[in-house]
file work10.cif (mmCIF, C-alpha atoms)
data_query
#
loop_
_atom_site.label_atom_id
_atom_site.label_comp_id
_atom_site.auth_asym_id
_atom_site.auth_seq_id
_atom_site.Cartn_x
_atom_site.Cartn_y
_atom_site.Cartn_z
CA MET A 1 75.71 63.73 208.35
CA PRO A 2 74.87 60.01 208.08
CA SER A 3 76.78 57.41 210.04
CA GLN A 4 79.80 55.95 208.23
CA ILE A 5 81.45 52.68 209.19
CA PRO A 6 85.19 53.34 209.65
CA VAL A 7 87.27 51.68 206.91
CA PRO A 8 89.30 49.47 209.32
CA ILE A 9 86.00 47.93 210.54
CA GLN A 10 84.44 47.34 207.11
CA GLY A 11 84.48 43.72 205.99
CA GLN A 12 86.06 42.38 209.17
CA LYS A 13 84.87 39.03 210.52
CA TYR A 14 84.80 40.06 214.20
CA ILE A 15 84.71 43.28 216.17
CA SER A 16 85.62 43.92 219.76
CA LEU A 17 82.63 45.66 221.34
CA THR A 18 83.59 47.52 224.51
CA THR A 19 80.74 48.47 226.83
CA PHE A 20 81.16 50.36 230.07
CA ARG A 21 80.21 49.58 233.66
CA LYS A 22 78.82 52.30 235.91
CA THR A 23 82.33 52.61 237.37
CA GLY A 24 83.66 53.48 233.91
CA ALA A 25 85.53 50.19 233.50
CA GLY A 26 85.36 48.89 229.94
CA ILE A 27 84.42 45.28 229.15
CA ALA A 28 85.39 44.09 225.66
CA THR A 29 83.55 41.24 223.92
CA PRO A 30 84.31 39.82 220.45
CA VAL A 31 81.11 39.68 218.39
CA TRP A 32 79.82 38.94 214.90
CA PHE A 33 78.18 41.87 213.17
CA GLY A 34 76.29 42.89 210.06
CA GLU A 35 76.83 46.07 208.08
CA GLU A 36 74.10 48.11 206.43
CA ASP A 37 73.54 51.79 205.60
CA GLY A 38 76.58 52.98 207.55
CA LYS A 39 75.63 51.13 210.74
CA LEU A 40 76.65 47.89 212.42
CA TYR A 41 74.17 45.34 213.78
CA VAL A 42 74.94 42.87 216.57
CA MET A 43 72.76 40.06 217.93
CA THR A 44 72.79 39.12 221.60
CA ARG A 45 70.47 38.21 224.45
CA SER A 46 68.60 40.53 226.78
CA ASP A 47 70.14 38.85 229.84
CA MET A 48 73.76 39.40 228.77
CA GLY A 49 75.98 41.88 230.60
CA LYS A 50 76.66 43.96 227.49
CA THR A 51 72.93 44.55 227.03
CA LYS A 52 72.57 45.73 230.62
CA ARG A 53 75.61 48.00 230.30
CA ILE A 54 74.28 49.53 227.06
CA ARG A 55 70.95 50.26 228.78
CA ASN A 56 72.93 52.28 231.34
CA ASN A 57 75.40 53.88 228.91
CA PRO A 58 74.96 53.73 225.12
CA GLN A 59 78.52 54.94 224.44
CA VAL A 60 80.66 52.03 223.21
CA ARG A 61 84.03 51.47 221.53
CA VAL A 62 84.49 49.24 218.49
CA ALA A 63 87.69 47.78 217.02
CA PRO A 64 88.53 44.98 214.58
CA CYS A 65 89.64 41.83 216.38
CA THR A 66 90.27 38.10 216.17
CA MET A 67 87.79 35.39 217.18
CA ARG A 68 89.34 35.40 220.65
CA GLY A 69 89.07 39.18 221.03
CA THR A 70 92.65 40.26 220.32
CA VAL A 71 92.32 43.76 218.88
CA THR A 72 93.97 44.03 215.45
CA GLY A 73 93.34 47.67 214.54
CA PRO A 74 92.25 51.09 215.75
CA GLU A 75 89.34 51.62 218.11
CA PHE A 76 86.40 53.89 217.29
CA ALA A 77 83.71 55.54 219.43
CA ALA A 78 80.13 54.60 218.60
CA ALA A 79 76.65 54.90 220.06
CA ALA A 80 74.63 51.72 220.64
CA ARG A 81 70.88 51.46 220.45
CA ILE A 82 68.83 48.46 221.55
CA LEU A 83 66.43 47.89 218.68
CA PRO A 84 62.68 47.50 219.25
CA PRO A 85 61.21 44.16 218.01
CA GLU A 86 59.83 45.68 214.81
CA GLU A 87 63.43 46.46 213.69
CA HIS A 88 64.88 43.00 214.46
CA ALA A 89 64.29 41.55 210.97
CA ARG A 90 66.46 44.15 209.25
CA ALA A 91 69.31 43.62 211.71
CA ARG A 92 69.02 39.84 211.44
CA GLN A 93 69.15 40.01 207.62
CA ALA A 94 72.34 42.11 207.73
CA ILE A 95 73.98 39.54 210.02
CA ASN A 96 72.66 36.52 208.05
CA ARG A 97 74.15 37.87 204.82
CA LYS A 98 77.60 37.71 206.38
CA TYR A 99 77.56 34.51 208.46
CA TRP A 100 75.99 31.27 207.20
CA ALA A 101 75.92 29.81 210.74
CA THR A 102 73.43 32.47 211.87
CA ARG A 103 70.89 30.94 209.49
CA ILE A 104 70.67 27.79 211.65
CA PRO A 105 67.74 28.60 213.97
CA PHE A 106 68.43 26.06 216.74
CA LEU A 107 71.88 27.57 217.38
CA TRP A 108 70.46 31.04 218.02
CA TRP A 109 67.02 30.37 219.50
CA ARG A 110 67.83 32.37 222.63
CA THR A 111 68.83 35.49 220.69
CA ASP A 112 66.19 38.09 221.51
CA THR A 113 68.05 41.40 221.29
CA TYR A 114 69.68 43.30 218.45
CA LEU A 115 71.97 46.30 218.77
CA GLU A 116 72.53 49.04 216.24
CA LEU A 117 75.91 50.79 216.37
CA SER A 118 76.26 54.26 214.82
CA PHE A 119 79.47 56.19 214.30
CA GLY A 120 79.34 59.91 214.40
#

call {"tool": "encode", "arguments": {"input": "work10.cif", "output": "structure tokens"}}
result
Amino acid sequence: MPSQIPVPIQGQKYISLTTFRKTGAGIATPVWFGEEDGKLYVMTRSDMGKTKRIRNNPQVRVAPCTMRGTVTGPEFAAAARILPPEEHARARQAINRKYWATRIPFLWWRTDTYLELSFG
């Protein structure tokens, strides 16, 4: 069965992405995201904590939230995958379609990692 984005997440401006430390403690971060083919795409940097935590544990939690990270709806389990460079363009296009500010290269020049979130 293909991944389906939960209805409370669809069309939101921000999601709270919770990644987990080795101790099991969750760390929530509000992020922008793109939606395509039943999956979410998030841009970040390889040196960020969430990227390191996903390398150790791809299980994440996703919920709609405000810009400051206040959760505004139900939370859903998802699996995160760090995309290889050849898949970055598709993820970037999904994000660019939603946020005009992501189209300004000098603001995002350090972005070098894209995440794909699948619900199952």

call {"tool": "atom_distance", "arguments": {"input": "work10.cif", "atom1": "CA of Gly24 (chain A)", "atom2": "CA of Ile54 (chain A)"}}
result
12.3 Å

call {"tool": "atom_distance", "arguments": {"input": "work10.cif", "atom1": "CA of Thr23 (chain A)", "atom2": "CA of Ala63 (chain A)"}}
result
21.6 Å

call {"tool": "atom_distance", "arguments": {"input": "work10.cif", "atom1": "CA of Arg68 (chain A)", "atom2": "CA of Leu17 (chain A)"}}
result
12.3 Å

call {"tool": "resolve_selection", "arguments": {"input": "work10.cif", "expression": "the PyMOL selection byres ((chain A and resi 25-31) around 9)", "output": "PDB file with C-alpha atoms, in the coordinates of the input"}}
result
ATOM      1  CA  LYS A  13      84.870  39.030 210.520  1.00  0.00           C
ATOM      2  CA  TYR A  14      84.800  40.060 214.200  1.00  0.00           C
ATOM      3  CA  ILE A  15      84.710  43.280 216.170  1.00  0.00           C
ATOM      4  CA  SER A  16      85.620  43.920 219.760  1.00  0.00           C
ATOM      5  CA  LEU A  17      82.630  45.660 221.340  1.00  0.00           C
ATOM      6  CA  THR A  18      83.590  47.520 224.510  1.00  0.00           C
ATOM      7  CA  THR A  19      80.740  48.470 226.830  1.00  0.00           C
ATOM      8  CA  PHE A  20      81.160  50.360 230.070  1.00  0.00           C
ATOM      9  CA  ARG A  21      80.210  49.580 233.660  1.00  0.00           C
ATOM     10  CA  LYS A  22      78.820  52.300 235.910  1.00  0.00           C
ATOM     11  CA  THR A  23      82.330  52.610 237.370  1.00  0.00           C
ATOM     12  CA  GLY A  24      83.660  53.480 233.910  1.00  0.00           C
ATOM     13  CA  TRP A  32      79.820  38.940 214.900  1.00  0.00           C
ATOM     14  CA  PHE A  33      78.180  41.870 213.170  1.00  0.00           C
ATOM     15  CA  VAL A  42      74.940  42.870 216.570  1.00  0.00           C
ATOM     16  CA  MET A  43      72.760  40.060 217.930  1.00  0.00           C
ATOM     17  CA  THR A  44      72.790  39.120 221.600  1.00  0.00           C
ATOM     18  CA  LYS A  50      76.660  43.960 227.490  1.00  0.00           C
ATOM     19  CA  VAL A  60      80.660  52.030 223.210  1.00  0.00           C
ATOM     20  CA  ARG A  61      84.030  51.470 221.530  1.00  0.00           C
ATOM     21  CA  VAL A  62      84.490  49.240 218.490  1.00  0.00           C
ATOM     22  CA  PRO A  64      88.530  44.980 214.580  1.00  0.00           C
ATOM     23  CA  CYS A  65      89.640  41.830 216.380  1.00  0.00           C
ATOM     24  CA  THR A  66      90.270  38.100 216.170  1.00  0.00           C
ATOM     25  CA  MET A  67      87.790  35.390 217.180  1.00  0.00           C
ATOM     26  CA  ARG A  68      89.340  35.400 220.650  1.00  0.00           C
ATOM     27  CA  GLY A  69      89.070  39.180 221.030  1.00  0.00           C
ATOM     28  CA  THR A  70      92.650  40.260 220.320  1.00  0.00           C
TER      29      THR A  70
END

call {"tool": "residues_around", "arguments": {"input": "work10.cif", "residues": "Glu36 (chain A)", "least_positions_apart": "4", "cutoff": "8 Å", "atoms": "all atoms listed in the file", "output": "PyMOL selection string"}}
result
chain A and resi 40-41+94

call {"tool": "residues_around", "arguments": {"input": "work10.cif", "residues": "Ser46 (chain A)", "least_positions_apart": "3", "cutoff": "9 Å", "atoms": "all atoms listed in the file", "output": "PDB file with C-alpha atoms, keeping the file's coordinate frame"}}
result
ATOM      1  CA  GLY A  49      75.980  41.880 230.600  1.00  0.00           C
ATOM      2  CA  LYS A  50      76.660  43.960 227.490  1.00  0.00           C
ATOM      3  CA  THR A  51      72.930  44.550 227.030  1.00  0.00           C
ATOM      4  CA  LYS A  52      72.570  45.730 230.620  1.00  0.00           C
ATOM      5  CA  THR A 111      68.830  35.490 220.690  1.00  0.00           C
ATOM      6  CA  ASP A 112      66.190  38.090 221.510  1.00  0.00           C
ATOM      7  CA  THR A 113      68.050  41.400 221.290  1.00  0.00           C
ATOM      8  CA  TYR A 114      69.680  43.300 218.450  1.00  0.00           C
TER       9      TYR A 114
END

call {"tool": "closest_residue", "arguments": {"input": "work10.cif", "among": "A:Met48, A:Ile5, A:Ala89, A:Leu115", "to": "Ala77 (chain A)", "atoms": "all atoms listed in the file"}}
result
A:Ile5

call {"tool": "closest_residue", "arguments": {"input": "work10.cif", "among": "A:Ala79, A:Phe119, A:Asn96, A:Arg53", "to": "Val7 (chain A)", "atoms": "only C-alpha atoms"}}
result
A:Phe119

call {"tool": "closest_residue", "arguments": {"input": "work10.cif", "among": "A:Asp47, A:Val71, A:Arg92, A:Asn56", "to": "Ile9 (chain A)", "atoms": "all atoms listed in the file"}}
result
A:Val71

call {"tool": "resolve_selection", "arguments": {"input": "work10.cif", "expression": "the PyMOL selection byres ((chain A and resi 82) around 7)", "output": "PyMOL selection string"}}
result
chain A and resi 80-81+83-84+114-116

call {"tool": "closest_residue", "arguments": {"input": "work10.cif", "among": "A:Ser118, A:Pro74, A:Glu35, A:Arg45", "to": "Ile95 (chain A)", "atoms": "only C-alpha atoms"}}
result
A:Glu35

call {"tool": "closest_residue", "arguments": {"input": "work10.cif", "among": "A:Pro85, A:Glu75, A:Asn57, A:Gln12", "to": "Lys98 (chain A)", "atoms": "all atoms listed in the file"}}
result
A:Gln12
